[in-house]
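Q: Sending over a structure as structure tokens; questions will come in a sec.
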Amino acid sequence: MDTNLGRVTAVLGPTNTGKTHYAIERMLSHRNGVIGLPLRLLAREVYDRIVAIRGPSVVALVTGEERIVPARAAYWVCTVEAMPQGMGSDFVAVDEVQLCADPDRGHVFTDRLLNMRGLHETLFMGSDTMRPTIAALVPKVQFTRRERFSELTYTGPKKISRMPGRTAIVGFSVENVYAIAELLRRQKGGAAVVMGALSPRTRNAQVEMYQNGDVDYLVATDAIGMGLNLDIKHVAFSATSKFDGQRIRPLMPHELAQIAGRAGRYMQPGSFGVTGEAGPLEEFQIEAIQTHSFKPIDRLMWRNERLDFGSPEALIASLEAPSTDMMLVKGREADDLSSLKTLNELEGVASRIRDARDVRLLWDVCRIPDFQGISHGEHTTMLARIFGFLHERGRVDGDWFARQIKRIDKTAGDIDMLSKRLAYIRTWTYVAQRKDWVDNESHWRDATRAVEDRLSDALHQALTNRFVDRRTSVLLRRLKMKEGLLADINDKGEVTVEGETLGRLEGFRFHQTGTTSPDEAKTVRQAATQALRPEFHLRADRFYNAPDTEMDFTEQGGLMWGDRAVGKLVKGGEALKPAVEAFVDEEAGPEVMQKVTRRLQHFIDRKVAAAMEPLIEMSRDETVTGLARGFAFRMLESFGILPRHEVAQDVKELDQDARGQLRKHGVRFGQFTIFQQLLLKPAPTRLRLVLWSLWNDLQEFPESPPPGLVTVPNVEGMPKGYYTMAGYRLAGARAIRIDMLERLADLLRPADSRGGFEATADMLSITGMTLEQFADLMGGLGYNAEKGERAKVKATAPDTPAKPDTPDAPEPDTPPSPDTPDSPVIPEGPDETPPTPPAETPVEDPQEVPGVPPVEVPGEQPLETPIEMSAHVAAEDAPEMEVFYTFTWAPRRQPNRGPRRGGNREGQGDRPQRKGGKPQGKGGPRRDKAGGKGGDRGPKTYEAKPKRDKPIDPDNPFAALAALKDK
């Protein structure tokens, strides 16, 4: 052996130390590798794990009966006997190296220990008892000790009837295993059966039944001691001796520990004990198992690997040659050597041996395992027939091979018959896997595999039918009664036990009707709940695969699947990332809980992403930079709606480029509110209120107003900020939708707010209000409404009322402002301009600015009258009186509203003020040309405002006011 190859490490320790998992990780860190495992069941398990990580195209599986080798295979998972030789892999690993001392298979493990090496790394995993022999036989080896993750304790003897759940009971013969499983069926409802002779498909199906909780017990041979990972809490030995092929002998402490170590998974502690006819363990055995202290292995089974194929006799002599190393001893005569000796004595075989090639072929045939367990004579007769075909024709006769398979391909029969057929097909599967032994190899490999799968399924079903009483398994396991109760669930979710309706299954929760006494109700509920386990899993699967259209959320944060409540929203780490809480009974199990929770989270995440798409896209847009990006996050935190007075300074600091970046995402800078138009639609509004309520920890969530309403009543007791999140602004006894309020502001802007004006038909039409309601609304917006009466005159040209919009309706065809090409109307607020010049200043071009907010509009423009008065009123008739309102601007400080820049200050009344804090508007102090204050100085005159050096900012509403005042 080349001792200059890569690093060699022996990873030693007890069970449940993660040695196999570590080996898989190390192999995948290399370009390629080979790992040898003691059982084909374990090889299949490791193969599936690696395929899940790297995919099937680069992972090969080679056992005696199975060969999956893709064209680009880089990682080879094999039984130790099937490990390919001379591949030159970067990594090599051999698991359970303590089997070097096994009398039957030990020579194979010893050969891999001495001769298999990786170019870069080699791992040997197994018991710490192998340390001295590995140190003596493997040069430059490094040792790594791994400790058990969990504690293992001895609990003494227990009857099977008192065995705790999640227990594995170990037997050492098929008859013993079947007897224990039958007893568990009667007393505990059933058990899964795992034996080394089972096919991987049957074994996996039985284990799945155990892992899913269909049964709480597992009956197995000592095959479970070889690294199979199962959810076992307790291991019970039904015997402490076994037949090893020649005699019945007691199990050694390290053999008991290998099996007992299956109890406990990862950090979960495990226990072991005895049951049935097994006597209590000795103190030295218990201490050795719990402390993992065993007698070191000082002898390894060995067989010469340098074979002489000159003749059958020379081959037999080379196989029986002794070792020169005292630590390497001959094991029990293997089946292949015994078959070689027998075939060499047959005249029909000996006459065909002419050269080394014939001897090598004979040796390959002798290595076919005796899966069938038939007599030695029958087995060698079958081998002689196969050798004859291969020697004469170079292939096994196709018709003969097909007859052997057809004879086995029958799924009828009991467990013993199916087990025998499964053993037989394993022989022909092995033959089909050998290269160039049969014509059309792929066909026969598929054919034998299909037969094995059918027999495996039939055997699993037969084992289940015999050793699992589903009625008892489902009910007695939980209720611990001598007689079970039968529970049924109809298509309406009604659960009945022994003909009595117990309750209803709603979603993933069971609701009891309470028709029974407390004691009976407890018993029956346990039975019904246990019967619901399969239904929970079925519903969880259906729910997980259901489309989002079958789900919805309520305005109180509930999550619905059709008409069934299945969860609720809870506060998450971010406002737009709520978490979910699934409504699932504990009895449904963690798998159902996880599946339902995961599906609900997917639903609400997609719901938020769709409804809040403009807002989320704006926050993720990397082209939004600087102050605009900060403002975008303010919008994100406020769910896309910001009252302008709360961010007046921030808005003022935004230049036109920054505003353009935001307008690109639909942001409208309104006089009263800054918002995204698309977020005012009913669906985003409904979701926004739920998310806002969650984020603010409200006990009861306010509902969104009905869609399509321009105004809604001001309901007392609503939480602060509700109307803003609903897309409305409070004004008097009602709240008006913020986008319609901005349209109203457009109509109010040219009105004479100082001299007084009346409501036009367009104003009433936009709000959908009566005149009295409109007067209250205007009062809430800061206007005085003076009521009066006058003679009603005949209208000659009534205005055409404007059709009110809804958030879902498109904007009207209004000519856009020069600075807002992306929005028909984007009025600016009153919070960002210098003091307004005197009203008498001439205007340069009032059409160049976007409009003036109500708080600053002077009163020199002509009053717009919604109707023209008729020229003639009959003097002899008493005039019909009509009520009208005259509105003048007189803002009042809003309750619960923080101070704003340029707003009213305490002690200065209700007058609007200039930026410097001085009152302005009608009646306010003014300065004359000489710089003095107004008073008894005669008619007031004002000088024109000097021409600006810079152009007017079209986004500045006070600049618009200045332009109108100039006019």
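Simple scheme: letters A, B, ... for chains in structure tokens order, numbers from 1 for residues in each chain, numbers from 1 for ligands in the order shown.
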Hey, what's within 12 Å of Leu343 of chain A if we count only C-alpha atoms and toss same-chain stuff fewer than 5 positions away? As a ChimeraX atom specification, please?
A: /A:312-313,316,336-338,348-353,359,362-363,365-366,376-388
Q: Skip segment 450-454 of chain A itself and residues of its chain fewer than 5 positions away, then list as a PyMOL selection string all residues within 8 Å of it, counting only C-alpha atoms.
A: chain A and resi 199+201+405+409+411+422+425-426
Q: For Trp692 of chain A, which residue out of A:Pro578, A:Gly273, A:Gly55, A:Gly732 is the nearest one, using only C-alpha atoms?
A: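 Under the stated criterion, the closest residue is A:Pro578.
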Q: Could you check how far atom CA of Ala582 of chain A sits from atom CA of Glu535 of chain A, in Å to one decimal?
A: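 Separating atom CA of Ala582 of chain A from atom CA of Glu535 of chain A is a distance of 16.6 Å.
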Q: Check segment 81-273 of chain A with DSSP on the backbone and list each residue it calls strand (DSSP E or B), as a PyMOL selection string.
A: chain A and resi 91-94+121-126+142-145+152-157+167-170+190+192-194+217-220+234-237+241-243+248-250+270-273
Q: What lies within 9 Å of segment 88-103 of chain A using only C-alpha atoms, ignoring chain neighbours under 6 positions off, as number ranges by chain?
A: A: 6, 19-20, 23-24, 26-27, 30-38, 74, 80, 109-113, 116-130, 226-227, 297-302, 330-334
Q: Produce a file of the selected residues containing N, CA and C atoms, as a compact mmCIF listing (two decimals), in the first residue's frame.
A:
```
# COMPACT_ATOMS: atom_id res chain seq x y z
N GLY A 6 -3.06 10.49 0.81
CA GLY A 6 -3.55 11.57 1.66
C GLY A 6 -3.73 11.20 3.12
N LYS A 19 -20.95 10.35 13.37
CA LYS A 19 -19.78 9.96 12.58
C LYS A 19 -20.13 9.84 11.09
N THR A 20 -21.25 9.19 10.80
CA THR A 20 -21.64 9.02 9.39
C THR A 20 -21.97 10.38 8.76
N ALA A 23 -18.79 12.03 7.90
CA ALA A 23 -18.16 11.45 6.71
C ALA A 23 -18.81 11.95 5.43
N ILE A 24 -20.13 12.11 5.44
CA ILE A 24 -20.83 12.61 4.26
C ILE A 24 -20.38 14.05 3.96
N ARG A 26 -17.55 15.44 4.77
CA ARG A 26 -16.18 15.44 4.28
C ARG A 26 -16.11 14.98 2.82
N MET A 27 -16.88 13.97 2.46
CA MET A 27 -16.85 13.47 1.08
C MET A 27 -17.34 14.54 0.11
N HIS A 30 -14.98 17.14 -1.27
CA HIS A 30 -13.98 16.75 -2.27
C HIS A 30 -14.63 16.66 -3.65
N ARG A 31 -13.79 16.57 -4.64
CA ARG A 31 -14.27 16.48 -6.02
C ARG A 31 -15.00 15.18 -6.28
N ASN A 32 -14.55 14.09 -5.67
CA ASN A 32 -15.21 12.80 -5.79
C ASN A 32 -14.87 11.97 -4.57
N GLY A 33 -15.57 10.85 -4.41
CA GLY A 33 -15.30 10.03 -3.23
C GLY A 33 -16.11 8.75 -3.24
N VAL A 34 -15.71 7.83 -2.33
CA VAL A 34 -16.37 6.54 -2.16
C VAL A 34 -16.59 6.33 -0.67
N ILE A 35 -17.79 5.88 -0.30
CA ILE A 35 -18.07 5.54 1.09
C ILE A 35 -18.66 4.14 1.14
N GLY A 36 -18.10 3.29 2.01
CA GLY A 36 -18.56 1.92 2.17
C GLY A 36 -19.33 1.77 3.47
N LEU A 37 -20.50 1.13 3.40
CA LEU A 37 -21.40 1.01 4.54
C LEU A 37 -21.71 -0.47 4.79
N PRO A 38 -22.06 -0.84 6.03
CA PRO A 38 -22.20 -2.27 6.35
C PRO A 38 -23.48 -2.92 5.83
N ALA A 74 -19.80 10.99 -9.43
CA ALA A 74 -18.61 11.46 -8.72
C ALA A 74 -18.56 10.91 -7.29
N VAL A 80 -19.80 -2.36 1.76
CA VAL A 80 -18.34 -2.52 1.85
C VAL A 80 -17.86 -3.55 0.83
N PHE A 109 -13.94 -6.21 5.61
CA PHE A 109 -13.66 -4.93 6.26
C PHE A 109 -12.16 -4.77 6.53
N THR A 110 -11.52 -5.86 6.90
CA THR A 110 -10.07 -5.78 7.14
C THR A 110 -9.32 -5.43 5.86
N ASP A 111 -9.74 -6.01 4.75
CA ASP A 111 -9.11 -5.68 3.47
C ASP A 111 -9.25 -4.20 3.15
N ARG A 112 -10.46 -3.61 3.40
CA ARG A 112 -10.65 -2.17 3.12
C ARG A 112 -9.81 -1.32 4.07
N LEU A 113 -9.68 -1.80 5.32
CA LEU A 113 -8.87 -1.06 6.28
C LEU A 113 -7.41 -1.03 5.86
N MET A 116 -7.71 0.20 1.15
CA MET A 116 -8.48 1.28 0.51
C MET A 116 -8.01 2.63 1.03
N ARG A 117 -7.59 3.49 0.13
CA ARG A 117 -7.15 4.83 0.51
C ARG A 117 -7.65 5.86 -0.50
N GLY A 118 -7.91 7.05 -0.01
CA GLY A 118 -8.24 8.17 -0.86
C GLY A 118 -6.99 8.95 -1.20
N LEU A 119 -6.99 9.58 -2.35
CA LEU A 119 -5.81 10.34 -2.76
C LEU A 119 -5.54 11.50 -1.82
N HIS A 120 -6.61 12.07 -1.24
CA HIS A 120 -6.43 13.23 -0.37
C HIS A 120 -6.86 12.96 1.07
N GLU A 121 -7.87 12.11 1.26
CA GLU A 121 -8.35 11.90 2.62
C GLU A 121 -9.01 10.52 2.72
N THR A 122 -8.77 9.86 3.86
CA THR A 122 -9.38 8.56 4.15
C THR A 122 -9.93 8.61 5.57
N LEU A 123 -11.18 8.15 5.73
CA LEU A 123 -11.82 8.11 7.05
C LEU A 123 -12.23 6.68 7.37
N PHE A 124 -11.98 6.27 8.61
CA PHE A 124 -12.50 5.02 9.14
C PHE A 124 -13.36 5.37 10.36
N MET A 125 -14.65 5.00 10.31
CA MET A 125 -15.55 5.31 11.41
C MET A 125 -15.96 4.03 12.11
N GLY A 126 -16.05 4.10 13.45
CA GLY A 126 -16.46 2.93 14.18
C GLY A 126 -16.27 3.08 15.68
N SER A 127 -16.23 1.93 16.36
CA SER A 127 -16.12 1.91 17.81
C SER A 127 -14.69 2.21 18.24
N ASP A 128 -14.59 2.76 19.45
CA ASP A 128 -13.28 3.09 20.01
C ASP A 128 -12.47 1.84 20.34
N THR A 129 -13.12 0.66 20.30
CA THR A 129 -12.39 -0.58 20.55
C THR A 129 -11.38 -0.89 19.46
N MET A 130 -11.49 -0.24 18.33
CA MET A 130 -10.57 -0.49 17.21
C MET A 130 -9.30 0.35 17.27
N MET A 226 -26.78 -1.03 13.10
CA MET A 226 -25.79 -0.57 12.12
C MET A 226 -26.18 0.78 11.52
N GLY A 227 -26.31 1.77 12.35
CA GLY A 227 -26.40 3.14 11.86
C GLY A 227 -27.73 3.60 11.33
N ILE A 297 -10.43 -4.56 20.65
CA ILE A 297 -10.35 -5.65 19.68
C ILE A 297 -8.88 -5.84 19.31
N ASP A 298 -8.37 -7.07 19.52
CA ASP A 298 -6.96 -7.31 19.24
C ASP A 298 -6.73 -8.31 18.12
N ARG A 299 -7.80 -8.83 17.53
CA ARG A 299 -7.68 -9.76 16.42
C ARG A 299 -8.69 -9.36 15.34
N LEU A 300 -8.18 -9.32 14.11
CA LEU A 300 -9.04 -8.99 12.99
C LEU A 300 -9.12 -10.18 12.05
N MET A 301 -10.33 -10.40 11.52
CA MET A 301 -10.50 -11.46 10.53
C MET A 301 -9.81 -11.04 9.22
N TRP A 302 -9.14 -12.00 8.61
CA TRP A 302 -8.32 -11.66 7.43
C TRP A 302 -8.38 -12.77 6.42
N LYS A 330 -7.43 -16.00 10.41
CA LYS A 330 -8.42 -16.50 9.47
C LYS A 330 -9.78 -16.56 10.15
N GLY A 331 -10.79 -16.13 9.43
CA GLY A 331 -12.14 -16.20 9.94
C GLY A 331 -12.80 -17.51 9.59
N ARG A 332 -14.10 -17.56 9.82
CA ARG A 332 -14.88 -18.73 9.45
C ARG A 332 -14.88 -18.88 7.94
N GLU A 333 -14.91 -20.12 7.47
CA GLU A 333 -14.89 -20.34 6.02
C GLU A 333 -16.09 -19.66 5.39
N ALA A 334 -15.83 -18.76 4.46
CA ALA A 334 -16.91 -17.99 3.83
C ALA A 334 -17.68 -18.85 2.85
```
Q: Could you tell me how far atom CA of Trp561 of chain A sits from atom CA of Leu691 of chain A, in Å to one decimal place?
A: 19.5 Å
Q: Counting only C-alpha atoms, which of A:Lys158, A:Arg466, A:Arg395, A:His107 gets nearest to Asp416 of chain A?
A: A:Arg466
Q: Could you jot down the atom CA of Tyr154 of chain A to atom CA of Asn212 of chain A separation for me, Å, one decimal place?
A: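 For atom CA of Tyr154 of chain A relative to atom CA of Asn212 of chain A, the distance reads 26.5 Å.
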Q: What lies within 9 Å of segment 287-295 of chain A using only C-alpha atoms, ignoring chain neighbours under 3 positions off, as a list of chain:residue names?
A: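 Near segment 287-295 of chain A, the qualifying residues are A:Gly13, A:Pro14, A:Asp128, A:Thr129, A:Glu151, A:Leu152, A:Thr153, A:Tyr154, A:Pro253, A:His254, A:Leu256, A:Ala257, A:Gln258, A:Ala260, A:Gly261, A:Glu282, A:Glu283, A:Phe284, A:Asp298.
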Q: Which of these, A:Ile224, A:Val647, A:Ile134, A:Val584, has the shortest distance to Leu42 of chain A once you count only C-alpha atoms?
A: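 Between A:Ile224, A:Val647, A:Ile134, A:Val584, the residue approaching Leu42 of chain A most closely is A:Ile224.
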Q: Please give the complete set of residues from segment 89-309 of chain A that DSSP, run on the backbone, assigns to helix (DSSP H, G or I), formatted as a PyMOL selection string.
A: chain A and resi 97-101+106-115+128-137+160-162+174-188+200-211+222-225+253-260+283-291
Q: Applying 8 Å and only C-alpha atoms, which residues near Ala458 of chain A remain after dropping the ones on its own chain fewer than 3 positions away? List them as a PyMOL selection string.
A: chain A and resi 411-412+418+454-455+461-462
